[in-house]
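Peer 1: Input file: upload11.cif. Contents: mmCIF, C-alpha atoms and all ligand atoms.
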data_protein
loop_
_atom_site.label_atom_id
_atom_site.label_comp_id
_atom_site.auth_asym_id
_atom_site.auth_seq_id
_atom_site.Cartn_x
_atom_site.Cartn_y
_atom_site.Cartn_z
CA MET A 1 81.47 -110.68 74.71
CA THR A 2 77.88 -110.08 75.92
CA ALA A 3 76.90 -107.90 78.88
CA PRO A 4 75.36 -109.69 81.91
CA ARG A 5 71.53 -109.81 81.99
CA SER A 6 71.27 -107.54 85.06
CA ARG A 7 73.23 -104.82 83.27
CA ILE A 8 71.09 -105.14 80.15
CA ALA A 9 67.92 -104.94 82.29
CA MET A 10 69.30 -101.90 84.14
CA ARG A 11 70.10 -100.17 80.82
CA ALA A 12 66.59 -100.92 79.53
CA VAL A 13 64.99 -99.50 82.72
CA ILE A 14 67.16 -96.35 82.54
CA GLY A 15 66.36 -95.93 78.82
CA VAL A 16 62.60 -96.29 79.32
CA ALA A 17 62.63 -93.99 82.40
CA ALA A 18 64.63 -91.34 80.52
CA ALA A 19 62.29 -91.55 77.53
CA ALA A 20 59.19 -91.33 79.77
CA GLY A 21 60.67 -88.33 81.64
CA LEU A 22 61.51 -86.52 78.42
CA LEU A 23 58.05 -87.25 77.03
CA ALA A 24 56.39 -85.91 80.21
CA VAL A 25 58.45 -82.69 79.98
CA LEU A 26 57.52 -82.23 76.30
CA VAL A 27 53.82 -82.88 76.92
CA LEU A 28 53.76 -80.27 79.73
CA TRP A 29 55.88 -77.78 77.78
CA GLN A 30 54.04 -77.94 74.40
CA PRO A 31 56.39 -75.71 72.37
CA SER A 32 54.11 -75.33 69.32
CA GLY A 33 56.78 -73.87 67.00
CA LEU A 34 58.67 -77.11 67.36
CA TYR A 35 55.83 -79.29 66.01
CA PRO A 36 57.16 -79.61 62.41
CA TRP A 37 60.69 -80.17 63.76
CA PHE A 38 59.52 -83.03 65.93
CA LYS A 39 57.56 -84.46 63.02
CA ALA A 40 60.79 -84.38 60.99
CA LEU A 41 62.67 -86.07 63.87
CA HIS A 42 59.89 -88.67 64.07
CA VAL A 43 60.24 -89.51 60.36
CA ILE A 44 64.08 -89.60 60.62
CA ALA A 45 63.86 -91.98 63.61
CA VAL A 46 61.38 -94.16 61.70
CA ILE A 47 63.78 -94.35 58.72
CA ALA A 48 66.62 -95.54 61.03
CA TRP A 49 64.26 -98.04 62.72
CA MET A 50 63.14 -99.43 59.36
CA ALA A 51 66.73 -99.67 58.10
CA GLY A 52 67.49 -101.98 61.04
CA MET A 53 64.25 -103.93 60.64
CA LEU A 54 65.04 -104.59 56.95
CA TYR A 55 68.76 -105.33 57.33
CA LEU A 56 68.64 -107.61 60.41
CA PRO A 57 66.74 -110.47 58.72
CA ARG A 58 69.19 -110.25 55.77
CA LEU A 59 71.99 -110.90 58.25
CA PHE A 60 69.98 -113.81 59.71
CA VAL A 61 69.67 -115.30 56.18
CA TYR A 62 73.46 -115.49 55.75
CA HIS A 63 74.14 -116.32 59.41
CA ALA A 64 71.81 -119.34 59.25
CA ASP A 65 74.02 -120.78 56.48
CA ALA A 66 77.32 -120.13 58.33
CA ALA A 67 78.83 -123.04 60.30
CA VAL A 68 78.58 -122.70 64.10
CA GLY A 69 81.93 -121.53 65.52
CA SER A 70 83.23 -120.31 62.14
CA ASP A 71 84.78 -116.83 61.78
CA LYS A 72 81.84 -115.90 59.57
CA SER A 73 79.33 -116.86 62.25
CA GLU A 74 81.19 -114.91 64.96
CA THR A 75 81.35 -111.82 62.70
CA PHE A 76 77.58 -112.02 62.06
CA LYS A 77 77.00 -112.14 65.84
CA ILE A 78 78.84 -108.84 66.30
CA MET A 79 77.05 -107.22 63.35
CA GLU A 80 73.64 -108.35 64.56
CA ARG A 81 74.21 -107.25 68.17
CA ARG A 82 75.51 -103.82 67.17
CA LEU A 83 72.76 -103.26 64.62
CA TYR A 84 70.02 -104.33 67.04
CA ARG A 85 71.23 -102.63 70.21
CA GLY A 86 73.13 -99.71 68.73
CA ILE A 87 70.73 -98.55 66.01
CA THR A 88 67.43 -100.40 65.71
CA THR A 89 66.28 -100.31 69.37
CA PRO A 90 67.27 -96.67 70.06
CA ALA A 91 65.59 -95.70 66.76
CA MET A 92 62.41 -97.53 67.74
CA LEU A 93 62.37 -95.75 71.14
CA ALA A 94 62.91 -92.39 69.41
CA SER A 95 60.08 -93.15 66.92
CA TRP A 96 57.71 -93.89 69.83
CA LEU A 97 58.90 -90.89 71.84
CA PHE A 98 58.44 -88.33 69.04
CA GLY A 99 55.28 -90.07 67.75
CA LEU A 100 53.59 -90.06 71.18
CA TRP A 101 54.64 -86.48 71.75
CA LEU A 102 53.13 -85.44 68.38
CA ALA A 103 49.96 -87.32 69.30
CA PHE A 104 49.41 -86.35 72.93
CA GLY A 105 51.44 -83.15 73.24
CA PHE A 106 49.04 -81.48 70.84
CA GLY A 107 45.91 -83.51 71.45
CA ILE A 108 45.64 -84.45 67.78
CA VAL A 109 44.71 -88.03 68.60
CA ASP A 110 41.25 -88.66 67.22
CA PHE A 111 40.45 -92.31 67.11
CA SER A 112 37.17 -91.66 65.27
CA GLN A 113 39.41 -91.67 62.17
CA GLY A 114 39.94 -95.20 60.88
CA TRP A 115 43.45 -94.60 59.55
CA MET A 116 44.67 -93.88 63.08
CA TRP A 117 43.49 -97.29 64.27
CA LEU A 118 45.12 -98.92 61.26
CA LYS A 119 48.41 -97.14 62.00
CA ALA A 120 48.24 -97.98 65.72
CA VAL A 121 47.69 -101.69 65.03
CA MET A 122 50.48 -101.80 62.42
CA VAL A 123 52.93 -99.95 64.71
CA VAL A 124 52.23 -102.30 67.63
CA ALA A 125 52.74 -105.27 65.26
CA LEU A 126 56.03 -103.77 64.04
CA SER A 127 57.17 -103.29 67.64
CA GLY A 128 56.26 -106.93 68.39
CA ILE A 129 58.37 -108.08 65.42
CA HIS A 130 61.18 -105.86 66.73
CA GLY A 131 61.04 -107.72 70.07
CA TRP A 132 61.02 -111.06 68.27
CA TYR A 133 64.10 -110.04 66.23
CA GLY A 134 65.78 -109.37 69.59
CA ARG A 135 65.09 -112.96 70.62
CA LEU A 136 66.38 -114.26 67.28
CA THR A 137 69.55 -112.16 67.72
CA ARG A 138 70.07 -113.77 71.17
CA ASP A 139 69.44 -117.25 69.74
CA PHE A 140 72.12 -116.69 67.10
CA ALA A 141 74.48 -115.21 69.72
CA ASN A 142 74.12 -118.40 71.79
CA ASP A 143 74.38 -120.72 68.73
CA ARG A 144 70.81 -121.85 69.37
CA ASN A 145 69.23 -121.00 66.01
CA THR A 146 67.54 -124.00 64.40
CA ARG A 147 65.70 -122.21 61.59
CA PRO A 148 66.91 -122.51 57.97
CA SER A 149 67.92 -119.48 55.88
CA LYS A 150 64.76 -120.00 53.77
CA PHE A 151 62.64 -119.10 56.82
CA PHE A 152 64.45 -115.76 57.22
CA ARG A 153 64.11 -115.07 53.49
CA MET A 154 60.34 -115.51 53.89
CA ILE A 155 59.92 -113.18 56.91
CA ASN A 156 62.31 -110.61 55.47
CA GLU A 157 59.65 -108.53 53.74
CA ILE A 158 57.03 -108.41 56.54
CA PRO A 159 58.28 -105.14 58.17
CA PHE A 160 58.45 -103.49 54.74
CA VAL A 161 54.83 -104.46 53.97
CA LEU A 162 53.74 -103.06 57.38
CA ALA A 163 55.69 -99.84 56.69
CA ILE A 164 53.96 -99.43 53.29
CA VAL A 165 50.54 -99.81 54.96
CA ILE A 166 51.50 -97.29 57.70
CA VAL A 167 52.77 -94.64 55.27
CA ILE A 168 49.65 -94.97 53.06
CA ALA A 169 47.46 -94.76 56.21
CA VAL A 170 49.10 -91.55 57.53
CA VAL A 171 49.63 -89.77 54.21
CA VAL A 172 46.62 -90.80 52.08
CA ARG A 173 44.23 -91.26 55.06
CA PRO A 174 41.88 -93.40 52.93
CA PHE A 175 39.21 -93.73 55.67
C1 LIG B 201 56.19 -95.84 67.00
C2 LIG B 201 54.96 -95.35 67.16
C3 LIG B 201 54.43 -94.23 66.33
C4 LIG B 201 53.62 -93.22 66.79
C5 LIG B 201 53.11 -93.06 68.22
C6 LIG B 201 53.36 -92.32 65.68
C7 LIG B 201 52.58 -91.17 65.72
C8 LIG B 201 52.56 -90.19 64.75
C9 LIG B 201 51.85 -88.92 64.83
C10 LIG B 201 50.98 -88.50 66.00
C11 LIG B 201 52.09 -88.21 63.69
C12 LIG B 201 51.58 -86.82 63.33
C13 LIG B 201 50.34 -86.94 62.45
C14 LIG B 201 49.86 -85.58 61.95
O1 LIG B 201 50.57 -84.59 62.04
O2 LIG B 201 48.74 -85.54 61.44
C15 LIG B 201 52.95 -89.04 62.86
C16 LIG B 201 53.41 -88.68 61.61
C17 LIG B 201 54.00 -89.56 60.74
N1 LIG B 201 54.35 -90.86 60.99
FE1 LIG B 201 54.19 -91.82 62.79
N2 LIG B 201 54.00 -92.82 64.56
C18 LIG B 201 54.65 -93.98 64.91
C19 LIG B 201 55.37 -94.80 64.05
C20 LIG B 201 55.48 -94.60 62.68
C21 LIG B 201 56.02 -95.54 61.73
C22 LIG B 201 56.52 -96.96 62.09
C23 LIG B 201 55.98 -94.96 60.50
C24 LIG B 201 56.42 -95.48 59.14
C25 LIG B 201 56.82 -96.71 58.90
C26 LIG B 201 55.46 -93.63 60.67
C27 LIG B 201 55.31 -92.70 59.67
C28 LIG B 201 54.86 -91.40 59.84
C29 LIG B 201 54.86 -90.39 58.80
C30 LIG B 201 55.35 -90.57 57.35
C31 LIG B 201 54.32 -89.22 59.36
C32 LIG B 201 54.12 -87.87 58.68
C33 LIG B 201 52.70 -87.82 58.12
C34 LIG B 201 52.33 -86.48 57.53
O3 LIG B 201 52.75 -85.43 58.00
O4 LIG B 201 51.57 -86.48 56.56
N3 LIG B 201 55.15 -93.46 62.00
N4 LIG B 201 53.21 -90.22 63.52
#
Could you spell out this file's structure in structure tokens?
Ligand code: HEM
Peer 2:
Amino acid sequence: MTAPRSRIAMRAVIGVAAAAGLLAVLVLWQPSGLYPWFKALHVIAVIAWMAGMLYLPRLFVYHADAAVGSDKSETFKIMERRLYRGITTPAMLASWLFGLWLAFGFGIVDFSQGWMWLKAVMVVALSGIHGWYGRLTRDFANDRNTRPSKFFRMINEIPFVLAIVIVIAVVVRPF
């Protein structure tokens, strides 16, 4: 059973408002001893986000081959909804929250460094793919998917490639 759109929109607004409020408090507070802890939380949140971004398209691959209305298809719907809403989206919000706090809470943002631009572009792209996965999850939930499993096999690795580029950019800082 899916929640009505107004309730989903209300939850999204509350989530974003709570995240923005928390971020504002952290930026004003600037507890410097907590910096490495928040970096750790950022990386943990990113790991959970990536787990969802890598597993969801695998579910789409098998779901695309399941007959509409079959038990298998209905089970995939539940798995996809829970993975997307319960883990992947909260993890993405937490990654942004801790990442923005690391960046602006300590004024370490310096866009004269190329790697920061590279990371920013990759992270926005990853967030866009996240939103698109949400639409695909809704299409499957409403039995409206028309794409073959081969398509999902092909897009499967894109988030992983973006993650590799991001990690090399932030750790190696090649330019
Ligand atoms: C969602 C938006 C994101 C923002 C705003 C953000 C921002 C930041 C900032 C400001 C730092 C601290 C950099 C420093 O201490 O020099 C950081 C660290 C890090 N970020 Fe992100 N990040 C985001 C997403 C990601 C993603 C998607 C990944 C990986 C796939 C990632 C991987 C890392 C890693 C590994 C570090 C630790 C780097 C180090 O200490 O050497 N971040 N992030």
Peer 1: Using only C-alpha atoms and all ligand atoms, tabulate the residues of chain A lying at most 8 Å from any atom of ligand LIG 201 (chain B), each with its closest atom pair and that distance in Å to one decimal, by chain and increasing residue number, as a Markdown table.
Peer 2:
| residue | atom | partner | partner_atom | distance |
| --- | --- | --- | --- | --- |
| A:Lys39 | CA | B:LIG201 | C16 | 6.1 |
| A:Ala40 | CA | B:LIG201 | C32 | 7.9 |
| A:His42 | CA | B:LIG201 | FE1 | 6.6 |
| A:Val43 | CA | B:LIG201 | C29 | 5.7 |
| A:Val46 | CA | B:LIG201 | C21 | 5.5 |
| A:Ile47 | CA | B:LIG201 | C25 | 7.4 |
| A:Trp49 | CA | B:LIG201 | C22 | 7.8 |
| A:Met50 | CA | B:LIG201 | C25 | 6.9 |
| A:Met92 | CA | B:LIG201 | C1 | 6.5 |
| A:Leu93 | CA | B:LIG201 | C1 | 7.4 |
| A:Ala94 | CA | B:LIG201 | C1 | 7.9 |
| A:Ser95 | CA | B:LIG201 | C1 | 4.7 |
| A:Trp96 | CA | B:LIG201 | C1 | 3.8 |
| A:Leu97 | CA | B:LIG201 | C5 | 7.2 |
| A:Phe98 | CA | B:LIG201 | C5 | 7.2 |
| A:Gly99 | CA | B:LIG201 | C7 | 3.6 |
| A:Leu100 | CA | B:LIG201 | C5 | 4.2 |
| A:Trp101 | CA | B:LIG201 | C10 | 7.1 |
| A:Leu102 | CA | B:LIG201 | C10 | 4.4 |
| A:Ala103 | CA | B:LIG201 | C10 | 3.7 |
| A:Phe104 | CA | B:LIG201 | C10 | 7.4 |
| A:Ile108 | CA | B:LIG201 | C10 | 6.9 |
| A:Val109 | CA | B:LIG201 | C10 | 6.8 |
| A:Lys119 | CA | B:LIG201 | N2 | 7.5 |
| A:Ala120 | CA | B:LIG201 | C4 | 7.3 |
| A:Met122 | CA | B:LIG201 | C22 | 7.7 |
| A:Val123 | CA | B:LIG201 | C22 | 5.4 |
| A:Val124 | CA | B:LIG201 | C2 | 7.5 |
| A:Leu126 | CA | B:LIG201 | C22 | 7.1 |
| A:Ser127 | CA | B:LIG201 | C1 | 7.5 |
| A:Leu162 | CA | B:LIG201 | C25 | 7.2 |
| A:Ala163 | CA | B:LIG201 | C25 | 4.0 |
| A:Ile164 | CA | B:LIG201 | C25 | 6.9 |
| A:Ile166 | CA | B:LIG201 | C24 | 5.4 |
| A:Val167 | CA | B:LIG201 | C30 | 5.2 |
| A:Val170 | CA | B:LIG201 | C33 | 5.2 |
| A:Val171 | CA | B:LIG201 | O4 | 4.5 |
| A:Val172 | CA | B:LIG201 | O4 | 8.0 |
Peer 1: As an exercise, work out the distance from atom CA of A:Ile78 to atom CA of A:Val61 in Å and give it to one decimal place.
Peer 2: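 Separating atom CA of A:Ile78 from atom CA of A:Val61 is a distance of 15.1 Å.
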Peer 1: Which residue is closest to A:Arg173? Choose from A:Gly114, A:Pro159, A:Gly131, A:Pro36 and count only C-alpha atoms.
Peer 2: A:Gly114
Peer 1: Go ahead and compute the interatomic distance for atom CA of A:Ile155 and atom CA of A:Tyr55, in Å to one decimal.
Peer 2: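 Going from atom CA of A:Ile155 over to atom CA of A:Tyr55, I get 11.8 Å.
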Peer 1: Which one is closest to A:Ser70: A:Gly134, A:Pro148, A:Asp143, A:Arg82? Count only C-alpha atoms.
Peer 2: A:Asp143
Peer 1: So how many Å separate atom CA of A:Ala48 and atom CA of A:Phe60, to one decimal?
Peer 2: 18.6 Å
Peer 1: Counting only C-alpha atoms, which residue out of A:Asn156, A:Thr89, A:Ser112, A:Thr75 sits closest to A:Ala141?
Peer 2: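 Selected residue with least distance to A:Ala141: A:Thr75.
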Peer 1: Output stretch 127-143 of chain A as a compact mmCIF listing (two decimals), in the frame of the given file, making sure N, CA and C atoms are there.
Peer 2:
# COMPACT_ATOMS: atom_id res chain seq x y z
N SER A 127 56.40 -103.27 66.39
CA SER A 127 57.17 -103.29 67.64
C SER A 127 57.28 -104.72 68.17
N GLY A 128 56.22 -105.51 67.98
CA GLY A 128 56.26 -106.93 68.39
C GLY A 128 57.32 -107.68 67.58
N ILE A 129 57.37 -107.42 66.27
CA ILE A 129 58.37 -108.08 65.42
C ILE A 129 59.77 -107.65 65.86
N HIS A 130 59.89 -106.38 66.22
CA HIS A 130 61.18 -105.86 66.73
C HIS A 130 61.64 -106.70 67.94
N GLY A 131 60.71 -106.92 68.89
CA GLY A 131 61.04 -107.72 70.07
C GLY A 131 61.44 -109.15 69.69
N TRP A 132 60.72 -109.70 68.72
CA TRP A 132 61.02 -111.06 68.27
C TRP A 132 62.41 -111.12 67.61
N TYR A 133 62.77 -110.09 66.83
CA TYR A 133 64.10 -110.04 66.23
C TYR A 133 65.18 -110.03 67.32
N GLY A 134 64.84 -109.38 68.47
CA GLY A 134 65.78 -109.37 69.59
C GLY A 134 66.03 -110.79 70.09
N ARG A 135 64.93 -111.57 70.16
CA ARG A 135 65.09 -112.96 70.62
C ARG A 135 65.89 -113.78 69.61
N LEU A 136 65.63 -113.55 68.32
CA LEU A 136 66.38 -114.26 67.28
C LEU A 136 67.87 -113.90 67.35
N THR A 137 68.15 -112.61 67.60
CA THR A 137 69.55 -112.16 67.72
C THR A 137 70.22 -112.90 68.88
N ARG A 138 69.50 -113.05 70.01
CA ARG A 138 70.07 -113.77 71.17
C ARG A 138 70.26 -115.24 70.85
N ASP A 139 69.29 -115.83 70.12
CA ASP A 139 69.44 -117.25 69.74
C ASP A 139 70.70 -117.46 68.91
N PHE A 140 70.91 -116.57 67.93
CA PHE A 140 72.12 -116.69 67.10
C PHE A 140 73.37 -116.49 67.96
N ALA A 141 73.31 -115.51 68.89
CA ALA A 141 74.48 -115.21 69.72
C ALA A 141 74.88 -116.42 70.57
N ASN A 142 73.85 -117.22 70.96
CA ASN A 142 74.12 -118.40 71.79
C ASN A 142 74.19 -119.69 70.98
N ASP A 143 74.32 -119.56 69.64
CA ASP A 143 74.38 -120.72 68.73
C ASP A 143 73.18 -121.65 68.91
